[in-house]
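Reproduced below: my_file-v8.cif, with mmCIF, C-alpha atoms.
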data_structure
#
loop_
_atom_site.label_atom_id
_atom_site.label_comp_id
_atom_site.auth_asym_id
_atom_site.auth_seq_id
_atom_site.Cartn_x
_atom_site.Cartn_y
_atom_site.Cartn_z
CA MET B 1 13.54 6.06 15.82
CA LYS B 2 16.94 6.75 17.34
CA ALA B 3 17.44 7.02 21.08
CA LEU B 4 20.80 7.10 22.88
CA GLY B 5 22.55 5.95 19.71
CA ILE B 6 20.34 2.87 19.39
CA ILE B 7 18.18 2.45 16.33
CA LEU B 8 14.78 1.04 17.21
CA ARG B 9 12.91 -0.82 14.49
CA SER B 10 9.45 -2.23 14.20
CA MET B 11 9.12 -5.93 14.88
CA PRO B 12 8.46 -7.86 11.66
CA ILE B 13 5.01 -9.47 11.60
CA ILE B 14 3.24 -11.86 9.27
CA THR B 15 -0.39 -11.09 8.51
CA PRO B 16 -2.96 -12.37 6.03
CA GLY B 17 -2.22 -10.69 2.70
CA ASP B 18 -4.31 -7.60 1.99
CA PHE B 19 -5.57 -7.80 -1.57
CA ASP B 20 -6.43 -4.09 -1.55
CA ASP B 21 -2.91 -2.92 -0.63
CA ASP B 22 -1.05 -1.36 -3.56
CA ARG B 23 2.33 -2.50 -2.14
CA VAL B 24 1.17 -6.12 -2.21
CA LYS B 25 -0.19 -5.67 -5.74
CA ALA B 26 3.12 -4.16 -6.91
CA LEU B 27 5.19 -7.00 -5.44
CA LEU B 28 2.88 -9.61 -6.97
CA THR B 29 3.24 -7.89 -10.35
CA ARG B 30 7.04 -7.96 -9.92
CA HIS B 31 6.88 -11.65 -8.99
CA LEU B 32 4.82 -12.63 -12.03
CA GLU B 33 7.02 -10.55 -14.37
CA SER B 34 10.11 -12.28 -13.00
CA MET B 35 8.58 -15.75 -13.36
CA HIS B 36 7.67 -15.05 -16.99
CA ALA B 37 11.11 -13.58 -17.73
CA ASN B 38 12.91 -16.63 -16.30
CA SER B 39 10.63 -19.44 -17.52
CA PRO B 40 9.80 -20.87 -20.93
CA PRO B 41 6.29 -20.17 -22.26
CA GLY B 42 3.68 -22.39 -20.63
CA HIS B 43 5.82 -23.16 -17.57
CA VAL B 44 4.78 -20.42 -15.14
CA PHE B 45 2.54 -21.74 -12.39
CA ALA B 46 2.81 -18.80 -9.98
CA LEU B 47 -0.62 -17.68 -8.84
CA ASP B 48 -1.98 -14.40 -10.08
CA TRP B 49 -4.28 -12.10 -8.13
CA SER B 50 -7.42 -14.17 -8.70
CA GLY B 51 -5.60 -17.45 -7.96
CA LEU B 52 -4.41 -16.21 -4.58
CA GLN B 53 -7.98 -15.37 -3.56
CA LYS B 54 -9.38 -18.91 -3.90
CA PRO B 55 -10.77 -20.56 -0.76
CA ASP B 56 -8.08 -23.28 -0.65
CA ILE B 57 -5.29 -20.65 -0.55
CA SER B 58 -3.94 -18.85 2.52
CA PHE B 59 -1.88 -15.83 1.53
CA TYR B 60 0.58 -14.25 3.99
CA ALA B 61 2.54 -10.98 3.90
CA LEU B 62 5.59 -10.13 6.01
CA TRP B 63 5.73 -6.51 7.17
CA GLU B 64 8.11 -4.38 9.13
CA GLY B 65 6.16 -1.26 9.99
CA GLU B 66 4.86 0.05 6.67
CA ASP B 67 7.49 -1.86 4.66
CA LEU B 68 6.38 -5.00 2.79
CA LEU B 69 9.27 -7.47 2.99
CA GLY B 70 7.73 -10.37 1.10
CA PHE B 71 4.87 -12.83 0.84
CA GLY B 72 3.99 -16.47 0.32
CA ALA B 73 0.96 -18.72 0.10
CA LEU B 74 -0.15 -22.14 1.27
CA LYS B 75 -2.57 -24.15 -0.84
CA GLU B 76 -4.44 -27.13 0.54
CA LEU B 77 -4.06 -30.03 -1.90
CA GLU B 78 -5.93 -32.52 0.26
CA PRO B 79 -6.67 -32.79 3.99
CA ARG B 80 -3.12 -34.00 4.80
CA ALA B 81 -1.05 -32.24 2.14
CA GLY B 82 -0.29 -28.68 1.12
CA GLU B 83 1.64 -26.78 -1.52
CA ILE B 84 3.80 -23.68 -1.20
CA LYS B 85 2.82 -21.06 -3.78
CA SER B 86 3.98 -17.60 -4.83
CA MET B 87 6.89 -17.03 -2.45
CA ARG B 88 8.52 -13.66 -3.12
CA THR B 89 10.90 -11.36 -1.29
CA ALA B 90 10.94 -7.64 -2.14
CA ASP B 91 14.14 -6.82 -4.03
CA ALA B 92 15.35 -4.42 -1.31
CA HIS B 93 15.21 -7.24 1.25
CA LEU B 94 16.84 -10.12 -0.62
CA ARG B 95 19.34 -12.23 1.38
CA LYS B 96 18.10 -10.85 4.72
CA GLY B 97 16.17 -13.86 6.01
CA VAL B 98 12.77 -12.79 4.69
CA ALA B 99 12.12 -15.95 2.64
CA ALA B 100 13.20 -18.12 5.58
CA ALA B 101 10.78 -16.26 7.87
CA ILE B 102 7.89 -16.75 5.45
CA LEU B 103 8.82 -20.39 4.92
CA ASP B 104 8.95 -20.93 8.70
CA HIS B 105 5.45 -19.50 8.95
CA ILE B 106 4.07 -21.65 6.14
CA ILE B 107 5.64 -24.82 7.56
CA ALA B 108 4.24 -24.03 11.03
CA GLU B 109 0.79 -23.43 9.54
CA ALA B 110 0.99 -26.72 7.60
CA ARG B 111 1.87 -28.56 10.80
CA GLN B 112 -0.94 -26.86 12.68
CA ARG B 113 -3.37 -28.03 9.99
CA GLY B 114 -2.10 -31.57 10.42
CA TYR B 115 -0.44 -31.90 7.02
CA SER B 116 2.01 -34.74 6.69
CA ARG B 117 3.53 -33.43 3.45
CA LEU B 118 4.34 -30.05 1.98
CA SER B 119 5.23 -29.81 -1.72
CA LEU B 120 6.22 -27.19 -4.24
CA GLU B 121 6.89 -26.77 -7.94
CA THR B 122 9.63 -24.45 -9.16
CA GLY B 123 11.80 -23.86 -12.18
CA SER B 124 15.39 -24.51 -13.14
CA GLY B 125 18.24 -22.14 -13.76
CA GLN B 126 20.16 -19.37 -12.05
CA ALA B 127 17.08 -17.34 -11.06
CA PHE B 128 15.71 -20.27 -9.05
CA GLU B 129 18.91 -21.38 -7.30
CA PRO B 130 18.58 -19.21 -4.14
CA ALA B 131 15.06 -20.54 -3.50
CA LEU B 132 16.13 -24.13 -4.17
CA LYS B 133 19.02 -23.74 -1.74
CA LEU B 134 16.64 -22.47 0.95
CA TYR B 135 14.10 -25.25 0.41
CA ARG B 136 16.78 -27.92 0.55
CA LYS B 137 18.20 -26.38 3.73
CA TYR B 138 14.77 -26.94 5.27
CA GLY B 139 14.75 -30.60 4.26
CA PHE B 140 12.80 -30.51 1.02
CA VAL B 141 13.90 -33.26 -1.37
CA ASP B 142 13.45 -33.74 -5.10
CA GLY B 143 10.46 -35.86 -6.01
CA GLU B 144 7.76 -36.68 -8.48
CA PRO B 145 5.18 -34.31 -9.95
CA PHE B 146 2.03 -33.90 -7.86
CA GLY B 147 -1.45 -32.52 -8.38
CA ALA B 148 -2.07 -31.41 -11.97
CA TYR B 149 1.62 -30.76 -12.76
CA ASP B 150 3.41 -32.54 -15.59
CA LYS B 151 7.13 -33.24 -15.54
CA SER B 152 9.26 -31.25 -17.97
CA ALA B 153 12.92 -30.47 -18.51
CA PHE B 154 12.34 -27.08 -16.81
CA ASN B 155 10.31 -27.66 -13.69
CA GLN B 156 11.31 -29.33 -10.44
CA PHE B 157 9.20 -30.82 -7.66
CA LEU B 158 10.25 -30.79 -4.03
CA HIS B 159 8.58 -32.39 -1.03
CA LEU B 160 8.97 -32.09 2.73
CA ASP B 161 7.83 -34.94 4.97
CA LEU B 162 6.47 -33.00 7.95
CA GLY B 163 6.24 -36.11 10.11
CA ALA B 164 9.97 -36.77 9.72
CA GLN B 165 11.09 -33.30 10.78
CA PRO B 166 10.47 -32.28 14.38
CA MET B 167 9.30 -28.78 15.18
CA GLY B 168 11.92 -26.39 16.44
CA ASP B 169 14.57 -27.34 13.86
CA HIS B 170 14.53 -23.87 12.38
CA ARG B 171 15.02 -20.42 13.74
CA THR B 172 12.25 -17.95 14.39
CA LEU B 173 11.28 -15.00 12.24
CA SER B 174 12.92 -12.59 14.65
CA ASP B 175 16.15 -14.65 14.75
CA GLU B 176 16.47 -14.75 10.95
CA ILE B 177 15.82 -11.08 10.36
CA ARG B 178 17.85 -9.85 13.35
CA ASP B 179 20.88 -11.92 12.38
CA ALA B 180 20.67 -10.83 8.75
CA ARG B 181 20.75 -7.20 9.88
CA TRP B 182 23.80 -7.78 12.06
CA ARG B 183 25.62 -9.33 9.09
CA SER B 184 24.91 -6.32 6.85
#

As C-alpha cells, how would this structure be written, given the file I've shared?
Amino acid sequence: MKALGIILRSMPIITPGDFDDDRVKALLTRHLESMHANSPPGHVFALDWSGLQKPDISFYALWEGEDLLGFGALKELEPRAGEIKSMRTADAHLRKGVAAAILDHIIAEARQRGYSRLSLETGSGQAFEPALKLYRKYGFVDGEPFGAYDKSAFNQFLHLDLGAQPMGDHRTLSDEIRDARWRS
C-alpha cells in the first residue's frame, strides 16, 4: 500500500509452520534439494516433511503478509539441550536479515524452555559459509559431535552456551528486517 509517498508493508511475523501450505512445502523441497546438491552422499541430515512433524520438533515459519521469508526448527535433544534444524531462507530474501530473525526466535524459545545449550550440525564448503558466519556471530563455537552424529571430514558441529550469553545481545526481528531493507 502506498500513501503520501510512503510504502506501508506488513509486519513480519513468526508462526508455527503450516504443513498444509504449498509455499512451505515448496521451500522445504528447495532446501532439501540444495542440501543434497552441496553435500556428499550420506551426509545430509536436514529434516524432511515427516521429520519436521515429530513431537520433539517445533517448526517455525517467518511471514510478511502472504510472503514466506524462511523457516527453521528447534529439536529437543534432552530437557536442557536443543538442536537447530532445517534453517532456510527463501532465495528472494537472502541477505535481508531473515535467517537472523529466525535464529533470534529459536534462541529465545530455547531460553524460554530452560535449555542451557543449543547445538547444530552443518556442512563444509562455500554453500555453508553464510550460515556459519551467522552462527558464529551469535556466539556459536566449534565443538564435538552430539546426539547420533558421527564426525566426518564434511560435517561441522557448533554449540551455543545459553547460560553464558545474556538475553538482549541481539537485535529484534523488526530491527533486522527493517535495516536490511534500508540497505537495499

Quiz item: Do you know which residues are at most 7 Å from range 82-97 of chain B counting all atoms listed in the file, after dropping those on the same chain fewer than 2 positions away, and could you put them as a PyMOL selection string?
Solution: chain B and resi 27+31+46-47+69-78+99-101+110+115+117-120+176-177+180-181

Quiz item: Between B:Ile102, B:Asp67, B:Lys137, B:Tyr60, which is the closest to Asp22 in chain B once you count all atoms listed in the file?
Solution: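 Of all the options, B:Asp67 lies closest to Asp22 in chain B.
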
Self-check item: Test item: residues at most 8 Å from range 38-44 of chain B, only C-alpha atoms, excluding those fewer than 2 positions along its chain, as a PyMOL selection string
Solution: chain B and resi 34-36+46+123+127+154-155

Test item: the PyMOL selection byres ((chain B and resi 111) around 12) resolved as a PDB file with C-alpha atoms, keeping the file's coordinate frame:
ATOM      1  CA  LEU B  74      -0.150 -22.140   1.270  1.00  0.00           C
ATOM      2  CA  PRO B  79      -6.670 -32.790   3.990  1.00  0.00           C
ATOM      3  CA  ARG B  80      -3.120 -34.000   4.800  1.00  0.00           C
ATOM      4  CA  ALA B  81      -1.050 -32.240   2.140  1.00  0.00           C
ATOM      5  CA  GLY B  82      -0.290 -28.680   1.120  1.00  0.00           C
ATOM      6  CA  ASP B 104       8.950 -20.930   8.700  1.00  0.00           C
ATOM      7  CA  HIS B 105       5.450 -19.500   8.950  1.00  0.00           C
ATOM      8  CA  ILE B 106       4.070 -21.650   6.140  1.00  0.00           C
ATOM      9  CA  ILE B 107       5.640 -24.820   7.560  1.00  0.00           C
ATOM     10  CA  ALA B 108       4.240 -24.030  11.030  1.00  0.00           C
ATOM     11  CA  GLU B 109       0.790 -23.430   9.540  1.00  0.00           C
ATOM     12  CA  ALA B 110       0.990 -26.720   7.600  1.00  0.00           C
ATOM     13  CA  GLN B 112      -0.940 -26.860  12.680  1.00  0.00           C
ATOM     14  CA  ARG B 113      -3.370 -28.030   9.990  1.00  0.00           C
ATOM     15  CA  GLY B 114      -2.100 -31.570  10.420  1.00  0.00           C
ATOM     16  CA  TYR B 115      -0.440 -31.900   7.020  1.00  0.00           C
ATOM     17  CA  SER B 116       2.010 -34.740   6.690  1.00  0.00           C
ATOM     18  CA  ARG B 117       3.530 -33.430   3.450  1.00  0.00           C
ATOM     19  CA  LEU B 118       4.340 -30.050   1.980  1.00  0.00           C
ATOM     20  CA  LEU B 160       8.970 -32.090   2.730  1.00  0.00           C
ATOM     21  CA  ASP B 161       7.830 -34.940   4.970  1.00  0.00           C
ATOM     22  CA  LEU B 162       6.470 -33.000   7.950  1.00  0.00           C
ATOM     23  CA  GLY B 163       6.240 -36.110  10.110  1.00  0.00           C
ATOM     24  CA  ALA B 164       9.970 -36.770   9.720  1.00  0.00           C
ATOM     25  CA  GLN B 165      11.090 -33.300  10.780  1.00  0.00           C
ATOM     26  CA  PRO B 166      10.470 -32.280  14.380  1.00  0.00           C
ATOM     27  CA  MET B 167       9.300 -28.780  15.180  1.00  0.00           C
ATOM     28  CA  GLY B 168      11.920 -26.390  16.440  1.00  0.00           C
TER      29      GLY B 168
END

Quiz item: What is the distance, in Å and to one decimal place, between CA of Asp18 in chain B and CA of Thr122 in chain B?
Solution: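 Those two atoms sit 24.5 Å apart.
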
Practice problem: Could you please determine the separation between CA of Leu132 in chain B and CA of Glu144 in chain B in Å, to one decimal place? | Solution: 15.7 Å

Please, what is the axis-aligned box for every listed atom of range 66-76 of chain B with 3 Å on each side, as centre and edge lengths in Å to one decimal, as lines of an AutoDock Vina configuration file?
center_x = 2.4
center_y = -13.5
center_z = 2.9
size_x = 19.7
size_y = 33.2
size_z = 13.5

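Using all atoms listed in the file for every distance, the candidate list B:Thr29, B:Ser10, B:Thr15, B:Ser124 yields B:Ser124 as the residue closest to Ala153 in chain B.
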
Self-check item: Gap from CA of Gln126 in chain B to CA of Ala37 in chain B - Å, one decimal
Solution: 12.2 Å

Quiz item: Which is closer to Ser50 in chain B than all the others in B:Leu68, B:Leu28, B:Leu158, B:Leu62, using all atoms listed in the file?
Solution: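 Looking only at the distances to Ser50 in chain B, the closest residue turns out to be B:Leu28.
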
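If you measure from each of B:Phe19, B:Gln156, B:Asp56, B:Ala61 to Asp142 in chain B using all atoms listed in the file, the closest one turns out to be B:Gln156.
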